[in-house]
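> Coordinates in entry-v4.cif, mmCIF, N, CA and C atoms and all ligand atoms, are listed below.
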```cif
data_my_file
loop_
_atom_site.group_PDB
_atom_site.id
_atom_site.type_symbol
_atom_site.label_atom_id
_atom_site.label_comp_id
_atom_site.auth_asym_id
_atom_site.auth_seq_id
_atom_site.Cartn_x
_atom_site.Cartn_y
_atom_site.Cartn_z
ATOM 1 N N MET A 1 28.444 -74.130 21.578
ATOM 2 C CA MET A 1 28.043 -73.243 22.672
ATOM 3 C C MET A 1 26.515 -73.265 22.813
ATOM 4 N N PRO A 2 26.025 -73.583 23.976
ATOM 5 C CA PRO A 2 24.568 -73.661 24.128
ATOM 6 C C PRO A 2 23.932 -72.274 24.082
ATOM 7 N N SER A 3 22.882 -72.147 23.320
ATOM 8 C CA SER A 3 22.179 -70.876 23.301
ATOM 9 C C SER A 3 20.805 -71.090 23.909
ATOM 10 N N LYS A 4 20.227 -70.009 24.371
ATOM 11 C CA LYS A 4 18.908 -70.131 24.993
ATOM 12 C C LYS A 4 17.893 -70.578 23.956
ATOM 13 N N ASP A 5 16.942 -71.326 24.431
ATOM 14 C CA ASP A 5 15.945 -71.900 23.547
ATOM 15 C C ASP A 5 14.773 -70.940 23.347
ATOM 16 N N TYR A 6 14.849 -70.185 22.286
ATOM 17 C CA TYR A 6 13.732 -69.296 21.964
ATOM 18 C C TYR A 6 13.557 -69.245 20.457
ATOM 19 N N ASP A 7 12.368 -68.883 20.053
ATOM 20 C CA ASP A 7 12.074 -68.827 18.627
ATOM 21 C C ASP A 7 10.973 -67.800 18.378
ATOM 22 N N LYS A 8 10.744 -67.564 17.097
ATOM 23 C CA LYS A 8 9.724 -66.603 16.728
ATOM 24 C C LYS A 8 8.374 -66.975 17.353
ATOM 25 N N PHE A 9 7.655 -65.969 17.826
ATOM 26 C CA PHE A 9 6.319 -66.065 18.432
ATOM 27 C C PHE A 9 6.319 -66.546 19.872
ATOM 28 N N ASP A 10 7.477 -66.910 20.424
ATOM 29 C CA ASP A 10 7.517 -67.272 21.838
ATOM 30 C C ASP A 10 7.263 -66.032 22.691
ATOM 31 N N ILE A 11 6.726 -66.259 23.879
ATOM 32 C CA ILE A 11 6.541 -65.182 24.845
ATOM 33 C C ILE A 11 7.703 -65.258 25.840
ATOM 34 N N VAL A 12 8.387 -64.143 26.001
ATOM 35 C CA VAL A 12 9.575 -64.144 26.853
ATOM 36 C C VAL A 12 9.478 -63.078 27.943
ATOM 37 N N GLU A 13 10.271 -63.304 28.971
ATOM 38 C CA GLU A 13 10.384 -62.339 30.055
ATOM 39 C C GLU A 13 11.797 -61.774 30.019
ATOM 40 N N MET A 14 11.924 -60.453 30.131
ATOM 41 C CA MET A 14 13.224 -59.820 30.097
ATOM 42 C C MET A 14 13.694 -59.519 31.524
ATOM 43 N N LYS A 15 14.964 -59.198 31.666
ATOM 44 C CA LYS A 15 15.496 -58.923 33.007
ATOM 45 C C LYS A 15 14.884 -57.672 33.608
ATOM 46 N N LYS A 16 14.590 -56.706 32.710
ATOM 47 C CA LYS A 16 13.936 -55.493 33.194
ATOM 48 C C LYS A 16 12.551 -55.392 32.579
ATOM 49 N N PRO A 17 11.537 -55.152 33.420
ATOM 50 C CA PRO A 17 10.197 -54.980 32.844
ATOM 51 C C PRO A 17 10.120 -53.716 32.005
ATOM 52 N N HIS A 18 9.153 -53.686 31.135
ATOM 53 C CA HIS A 18 8.960 -52.501 30.312
ATOM 54 C C HIS A 18 8.474 -51.339 31.179
ATOM 55 N N ALA A 19 8.581 -50.149 30.654
ATOM 56 C CA ALA A 19 8.144 -48.952 31.380
ATOM 57 C C ALA A 19 6.668 -49.022 31.766
ATOM 58 N N CYS A 20 5.895 -49.801 31.020
ATOM 59 C CA CYS A 20 4.460 -49.924 31.312
ATOM 60 C C CYS A 20 4.212 -50.960 32.410
ATOM 61 N N GLN A 21 5.271 -51.516 32.973
ATOM 62 C CA GLN A 21 5.227 -52.475 34.089
ATOM 63 C C GLN A 21 4.951 -53.910 33.659
ATOM 64 N N SER A 22 4.684 -54.108 32.392
ATOM 65 C CA SER A 22 4.455 -55.470 31.919
ATOM 66 C C SER A 22 5.812 -56.100 31.618
ATOM 67 N N ASN A 23 5.869 -57.418 31.792
ATOM 68 C CA ASN A 23 7.118 -58.085 31.423
ATOM 69 C C ASN A 23 6.829 -59.334 30.609
ATOM 70 N N ARG A 24 5.971 -59.171 29.654
ATOM 71 C CA ARG A 24 5.681 -60.243 28.702
ATOM 72 C C ARG A 24 5.871 -59.680 27.310
ATOM 73 N N TRP A 25 6.771 -60.286 26.570
ATOM 74 C CA TRP A 25 7.107 -59.819 25.237
ATOM 75 C C TRP A 25 6.967 -60.969 24.266
ATOM 76 N N GLN A 26 6.487 -60.666 23.085
ATOM 77 C CA GLN A 26 6.434 -61.701 22.059
ATOM 78 C C GLN A 26 7.501 -61.424 21.015
ATOM 79 N N ILE A 27 8.212 -62.468 20.651
ATOM 80 C CA ILE A 27 9.218 -62.341 19.587
ATOM 81 C C ILE A 27 8.470 -62.287 18.256
ATOM 82 N N ILE A 28 8.607 -61.193 17.548
ATOM 83 C CA ILE A 28 7.879 -61.072 16.286
ATOM 84 C C ILE A 28 8.798 -61.134 15.079
ATOM 85 N N ARG A 29 10.097 -61.086 15.294
ATOM 86 C CA ARG A 29 11.024 -61.210 14.182
ATOM 87 C C ARG A 29 12.330 -61.804 14.670
ATOM 88 N N MET A 30 12.819 -62.800 13.946
ATOM 89 C CA MET A 30 14.122 -63.382 14.240
ATOM 90 C C MET A 30 14.986 -63.199 13.007
ATOM 91 N N GLY A 31 16.129 -62.586 13.174
ATOM 92 C CA GLY A 31 17.019 -62.406 12.041
ATOM 93 C C GLY A 31 18.356 -61.944 12.573
ATOM 94 N N MET A 32 18.991 -61.058 11.861
ATOM 95 C CA MET A 32 20.205 -60.436 12.369
ATOM 96 C C MET A 32 19.879 -59.734 13.685
ATOM 97 N N ASP A 33 18.694 -59.135 13.676
ATOM 98 C CA ASP A 33 18.173 -58.502 14.879
ATOM 99 C C ASP A 33 16.932 -59.256 15.340
ATOM 100 N N ILE A 34 16.635 -59.098 16.609
ATOM 101 C CA ILE A 34 15.439 -59.731 17.151
ATOM 102 C C ILE A 34 14.470 -58.632 17.561
ATOM 103 N N ARG A 35 13.246 -58.769 17.109
ATOM 104 C CA ARG A 35 12.250 -57.746 17.417
ATOM 105 C C ARG A 35 11.221 -58.345 18.371
ATOM 106 N N ILE A 36 10.969 -57.627 19.447
ATOM 107 C CA ILE A 36 9.996 -58.105 20.433
ATOM 108 C C ILE A 36 8.937 -57.031 20.649
ATOM 109 N N ARG A 37 7.739 -57.476 20.978
ATOM 110 C CA ARG A 37 6.635 -56.543 21.191
ATOM 111 C C ARG A 37 6.052 -56.756 22.581
ATOM 112 N N CYS A 38 5.882 -55.662 23.294
ATOM 113 C CA CYS A 38 5.283 -55.706 24.626
ATOM 114 C C CYS A 38 3.827 -56.141 24.494
ATOM 115 N N GLU A 39 3.468 -57.180 25.248
ATOM 116 C CA GLU A 39 2.100 -57.696 25.132
ATOM 117 C C GLU A 39 1.085 -56.729 25.698
ATOM 118 N N ASN A 40 1.505 -55.878 26.570
ATOM 119 C CA ASN A 40 0.572 -54.954 27.215
ATOM 120 C C ASN A 40 0.298 -53.716 26.366
ATOM 121 N N CYS A 41 1.358 -53.036 25.955
ATOM 122 C CA CYS A 41 1.156 -51.754 25.268
ATOM 123 C C CYS A 41 1.531 -51.799 23.787
ATOM 124 N N GLN A 42 1.956 -52.957 23.312
ATOM 125 C CA GLN A 42 2.273 -53.160 21.891
ATOM 126 C C GLN A 42 3.514 -52.407 21.423
ATOM 127 N N HIS A 43 4.273 -51.885 22.359
ATOM 128 C CA HIS A 43 5.513 -51.205 22.016
ATOM 129 C C HIS A 43 6.504 -52.219 21.438
ATOM 130 N N VAL A 44 7.179 -51.833 20.356
ATOM 131 C CA VAL A 44 8.112 -52.752 19.699
ATOM 132 C C VAL A 44 9.550 -52.305 19.960
ATOM 133 N N VAL A 45 10.389 -53.269 20.303
ATOM 134 C CA VAL A 45 11.806 -53.003 20.553
ATOM 135 C C VAL A 45 12.628 -53.922 19.661
ATOM 136 N N THR A 46 13.649 -53.374 19.048
ATOM 137 C CA THR A 46 14.557 -54.183 18.232
ATOM 138 C C THR A 46 15.904 -54.263 18.941
ATOM 139 N N LEU A 47 16.390 -55.488 19.088
ATOM 140 C CA LEU A 47 17.659 -55.722 19.771
ATOM 141 C C LEU A 47 18.547 -56.582 18.879
ATOM 142 N N THR A 48 19.854 -56.407 19.019
ATOM 143 C CA THR A 48 20.742 -57.353 18.352
ATOM 144 C C THR A 48 20.631 -58.681 19.105
ATOM 145 N N ARG A 49 20.981 -59.756 18.451
ATOM 146 C CA ARG A 49 20.935 -61.063 19.078
ATOM 147 C C ARG A 49 21.731 -61.074 20.391
ATOM 148 N N ARG A 50 22.879 -60.455 20.337
ATOM 149 C CA ARG A 50 23.760 -60.386 21.491
ATOM 150 C C ARG A 50 23.083 -59.666 22.653
ATOM 151 N N ASP A 51 22.456 -58.536 22.334
ATOM 152 C CA ASP A 51 21.745 -57.776 23.362
ATOM 153 C C ASP A 51 20.563 -58.557 23.912
ATOM 154 N N PHE A 52 19.864 -59.208 23.000
ATOM 155 C CA PHE A 52 18.698 -59.987 23.408
ATOM 156 C C PHE A 52 19.115 -61.098 24.369
ATOM 157 N N ASP A 53 20.160 -61.813 24.018
ATOM 158 C CA ASP A 53 20.671 -62.888 24.879
ATOM 159 C C ASP A 53 21.017 -62.366 26.262
ATOM 160 N N LYS A 54 21.585 -61.165 26.267
ATOM 161 C CA LYS A 54 22.017 -60.570 27.535
ATOM 162 C C LYS A 54 20.823 -60.156 28.392
ATOM 163 N N LYS A 55 19.767 -59.694 27.738
ATOM 164 C CA LYS A 55 18.620 -59.133 28.465
ATOM 165 C C LYS A 55 17.503 -60.128 28.726
ATOM 166 N N LEU A 56 17.557 -61.250 28.039
ATOM 167 C CA LEU A 56 16.515 -62.265 28.230
ATOM 168 C C LEU A 56 16.620 -62.897 29.611
ATOM 169 N N LYS A 57 15.489 -63.006 30.275
ATOM 170 C CA LYS A 57 15.482 -63.712 31.555
ATOM 171 C C LYS A 57 15.052 -65.150 31.329
ATOM 172 N N LYS A 58 13.869 -65.325 30.743
ATOM 173 C CA LYS A 58 13.430 -66.686 30.436
ATOM 174 C C LYS A 58 12.320 -66.687 29.402
ATOM 175 N N VAL A 59 12.115 -67.864 28.835
ATOM 176 C CA VAL A 59 11.013 -68.048 27.895
ATOM 177 C C VAL A 59 9.802 -68.478 28.716
ATOM 178 N N LEU A 60 8.713 -67.743 28.589
ATOM 179 C CA LEU A 60 7.509 -68.058 29.363
ATOM 180 C C LEU A 60 6.620 -69.062 28.637
ATOM 181 N N VAL A 61 6.409 -68.826 27.362
ATOM 182 C CA VAL A 61 5.511 -69.689 26.584
ATOM 183 C C VAL A 61 6.156 -70.025 25.253
ATOM 184 N N LYS A 62 6.339 -71.324 25.022
ATOM 185 C CA LYS A 62 6.842 -71.759 23.728
ATOM 186 C C LYS A 62 5.698 -71.731 22.723
ATOM 187 N N HIS A 63 5.981 -71.152 21.566
ATOM 188 C CA HIS A 63 4.961 -71.158 20.519
ATOM 189 C C HIS A 63 4.768 -72.578 20.014
ATOM 190 N N GLN A 64 3.498 -72.964 19.838
ATOM 191 C CA GLN A 64 3.208 -74.310 19.339
ATOM 192 C C GLN A 64 3.755 -74.487 17.929
ATOM 193 N N ASP A 65 4.414 -75.595 17.727
ATOM 194 C CA ASP A 65 4.930 -75.906 16.411
ATOM 195 C C ASP A 65 3.767 -76.230 15.472
ATOM 196 N N SER A 66 3.649 -75.461 14.409
ATOM 197 C CA SER A 66 2.488 -75.617 13.524
ATOM 198 C C SER A 66 2.556 -76.906 12.702
ATOM 199 N N SER A 67 3.719 -77.557 12.690
ATOM 200 C CA SER A 67 3.836 -78.809 11.958
ATOM 201 C C SER A 67 3.170 -79.950 12.736
ATOM 202 N N GLU A 68 2.851 -79.670 14.000
ATOM 203 C CA GLU A 68 2.199 -80.667 14.845
ATOM 204 C C GLU A 68 0.699 -80.643 14.562
ATOM 205 N N ALA A 69 0.158 -81.713 14.098
ATOM 206 C CA ALA A 69 -1.244 -81.727 13.669
ATOM 207 C C ALA A 69 -2.231 -81.572 14.829
HETATM 208 ZN ZN ZN B 1 4.843 -52.050 27.488
#
```
For this file, produce the structure as structure tokens.


Amino acid sequence: MPSKDYDKFDIVEMKKPHACQSNRWQIIRMGMDIRIRCENCQHVVTLTRRDFDKKLKKVLVKHQDSSEA
């Protein structure tokens, strides 16, 4: 089953903007739950993977792979 291409430190856009009107979130934790932080107001939200998949609109910025010299 194809899953959306996202990873830790990527910047993502959600289907609904945050209350502060910003819609740029950084993934700060990937695990059983996914934790994202609003780039504007630094508010942190924790979602289950399932919820995150449902609410994710798109990945805006892929984090650079640090293994790339
Ligand atoms: Zn915010």

> Return as a ChimeraX atom specification the residues of protein, DNA or RNA that approach ligand ZN 1 (chain B) to within 6 Å, with only C-alpha atoms and all ligand atoms taken into account.

/A:18-20,22,38,40-41,43

> So that I can check the surroundings of Glu39 (chain A), please list as a list in words every protein, DNA and RNA residue that reaches within 6 Å of it, counting all atoms listed in the file and ignoring chain neighbours fewer than 4 positions away.

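Once the adjacent positions are removed, what remains is Arg24, Trp25 and Gln26 of chain A.
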
> Can you turn the PyMOL selection byres (((chain A and resi 53-68) around 8) and not hetatm) into a concrete residue list for this file, as number ranges by chain?

A: 4-16, 25, 47-52, 69

> So which residues of chain A fall under strand (DSSP E or B) by DSSP, listed as a list in words?

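Residues of chain A classed as strand (DSSP E or B): Ile11, Val12, Glu13, Met14, Trp25, Gln26, Ile27, Ile28, Arg29, Met30, Asp33, Ile34, Arg35, Ile36, Arg37, Cys38, Val44, Val45, Thr46, Leu47, Thr48, Leu56, Lys57, Lys58, Val59, Leu60 and Val61 of chain A.
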
> Evaluate the PyMOL selection byres (((chain A and resi 36) around 5) and not hetatm) and record the selected residues as a list in words, following the chain and residue labels used in the document.

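Answer for the PyMOL selection byres (((chain A and resi 36) around 5) and not hetatm): Gln26, Ile27, Ile28, Ile34, Arg35, Arg37, Cys38, Val44 and Val45 of chain A.
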
> How far is it from atom N of Asp33 (chain A) to atom N of Pro17 (chain A), in Å with one decimal?

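Answer for the atom N of Asp33 (chain A) to atom N of Pro17 (chain A) separation: 21.4 Å.
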